[in-house]
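This report concerns only the one structure given below.
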Amino acid sequence: MPRCCHLTRREILQWGAVVAASPLLSALGDVERAYGLTRAVAGNPALPMHLELVTLTETSAIVTWFTGDPTRVDEVGRPVPMPADSEVLLGTSPTNLRQVFHDARPTPYHYAELNDLEPGQRYFYVARSGGVPATAAISTFGNPAGTSTVDASPSGPFVFVAPQPPPGDFLFAIALCNDLHLGETVAGLAATLGDVQVPPGITQVAGEPPYAQVMAAALGTESRARGANVLLANGDISSEGGQTDVQAAKAYLDAFGPYLDTYLVSRGNHDRPHTGDASAACSPAPAAPDHHDCFGDAFFSGASTWFAKDAFGLRIIGLDTYDKIGNGGDNGVMSDEQFAFVRDELARDTDQPTLVFGHHPVTLEASITTVRPLIFDLDPQQAVQLEALYADSPGVFLQHSGHTHRNKLTRSPSASNVAFQEVGAVKEYPGGFTLLRVHTGGYATNFYKFRDPLAQEWSERSRPEYGGLAPFYVFGDIVDRNSVAARDFSDLRSAASSSGAPIQDVPQAGSAGKAELAPTGGDDRTTLLVAGAATAAALSAEAYLRRAGRGEGARGEAPD
């Protein structure tokens, strides 16, 4: 007797995979989409899905997608990866597309870079595998540009407009990255309480290198290949501040170039002083001798963990936004001494072009999806004070933050001169870095996914984090990942005309002594458990807000 309504767990996962692969089918009743799904399953089970327009510059665009079998699922509940070819059709009219990219090598993880675009030109494109058009990732609501607008045809052609370049001549480029989490082995966790993971996490495929190492290895090579002269690694360099993990992280960052000459780091909450055997060989924190600071030993040798440096005439201020002893799950805090340093340094030359980087986000807008007791941001009162300092310093143009693992561009009403840029994590989906390109008359920011095959594989495997809600939160809109702004940088030097190390010391304002980290309480298991639920609630809230149309642009079109 045939079963009617009682599905096995495997059957539920299979149907869930079909739904995930066809997020707009039931909502739109799209015949073309249904035909594409049927055709792929009947002939070649490699169904192209998860199409995303990741990077958009004035002359290039990068699109990625995945091919999987929606009738079968792997252990994390996603369609089983299926190799296929990669093809992109492009044109200035939706009825006149020609092949501009084709890679016959079969892979489930597709990465197509389209070059020689014309600034300001509108383009239409279709990405295909096995002749079947790729459908947009569900987290983009049918729009691979990530503008939260449902496109009329889920399989394209999709449209974007290549932006104009920043004004003036190119000077130099800086790679912005964060959240490497070296030593981490389970992704997508808010907390671990004994054997309980909150929520259930995702691990690497058996036999493959640890994912944090895969992604960190791609960082140095690919940021250099994209033209970065300087790299800023903005906190959570390690998983939990252990000596082995911190040293491993430094070794991966050293692949970019010499520390302090070519790259700088800041402390994240995961890099805080810890107790336990993993950090026992490191220096004790002055105010809490039972806590040992391996991060401080590796990168600051007992000196201040906040600083000011010079790169091609650009002032770079590094913050320590977890300047205390704590459990890592509370808000970011800066000491009074650190605030005095920042105030004095900015006052030294309020007009000098200045980039600030600190792990915790600052603006009120960035905190919209925060749910207590999990707080993603700098202490609100301190955030207001920091924005006031920026408002009085016209030279500050960019604050780079991490911690949220998302691409997000926010603004402050009081410090309108500053773009507050959060960057997606190195260690998981979407997995990459942002390249800041500075010209004499402005700058551009562009997020790049890693293209290393193992990194692409892990990025896609980690996509289902937080019950599939993570992509809604971390991928960002097209303007969160790619933006252009006008700014007078005519006094800065170009990398081509500079000699010696890109990063130089500047006169230090205020005290250079290392502050004592004040204890703020130990781990609270109940708080961590609630934090896991709060994370899921925050991700769900962000998804709802994007569905309500908070994204930029319309109908797949990137803003001009």
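Residue numbering restarts at 1 for every chain of the structure tokens, chains are lettered A, B, ... in their displayed order, and ligands are numbered from 1 as they appear.
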
Tell me, as a ChimeraX atom specification, which residues lie within 10 Å of Gln456 (chain A), counting only C-alpha atoms; anything in the same chain fewer than 3 positions away does not count. /A:64,66,108-111,214-215,428-432,449-453,459-461

Please report, as a PyMOL selection string, each residue of region 254-449 of chain A to which DSSP assigns helix (DSSP H, G or I) when run on this structure's backbone. chain A and resi 254+269-271+277-279+294-299+336-348+365-367+380-391

Report the distance between CA of Ile174 (chain A) and CA of Leu436 (chain A) in Å, rounded to one decimal place.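 CA of Leu436 (chain A) lies 5.1 Å from CA of Ile174 (chain A).
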
List every residue of region 64-117 of chain A that DSSP, applied to the backbone of this structure, places in strand (DSSP E or B), and write the result as a ChimeraX atom specification. /A:64-73,79-81,84-91,98-107,109-114

Closest to Gly395 (chain A) among A:Thr350, A:Ser283, A:Thr244, A:Gln213, using only C-alpha atoms?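 Result for the nearest residue to Gly395 (chain A): A:Thr350.
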
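The shortest atom-to-atom distance to Asp297 (chain A), with only C-alpha atoms taken into account, belongs to A:Gln243 out of A:Gln243, A:Ser401, A:Ser93, A:Thr275.
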
Near-Val356 (chain A) list (7 Å; only C-alpha atoms; drop same-chain fewer than 2 positions) as a list of chain:residue names: A:Ile316, A:Ile317, A:Gly318, A:Thr354, A:Gly358, A:Leu398, A:Gln399, A:His400

Can you work out the spacing between CA of Leu114 (chain A) and CA of Ala216 (chain A) in Å, to one decimal?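 Between CA of Leu114 (chain A) and CA of Ala216 (chain A) the gap is 25.3 Å.
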
When you look at Leu51 (chain A) with a cut-off of 7 Å (counting only C-alpha atoms), what residues show up, excluding the ones that are within fewer than 3 positions of it in the same chain? I need them as number ranges by chain. A: 63-65, 134-137, 144

Saved selection, atoms kept: C-alpha atoms, as a PDB file, in the first residue's frame:
```
ATOM      1  CA  VAL A  63      29.123  36.042 -10.696  1.00  0.00           C
ATOM      2  CA  THR A  64      29.074  32.750  -8.810  1.00  0.00           C
ATOM      3  CA  TRP A  65      26.633  29.862  -8.704  1.00  0.00           C
ATOM      4  CA  ALA A 134      21.153  29.409 -13.116  1.00  0.00           C
ATOM      5  CA  THR A 135      18.476  30.727 -10.799  1.00  0.00           C
ATOM      6  CA  ALA A 136      19.132  33.431  -8.234  1.00  0.00           C
ATOM      7  CA  ALA A 137      19.985  32.625  -4.622  1.00  0.00           C
ATOM      8  CA  PRO A 144      21.362  38.004  -7.967  1.00  0.00           C
TER       9      PRO A 144
END
```
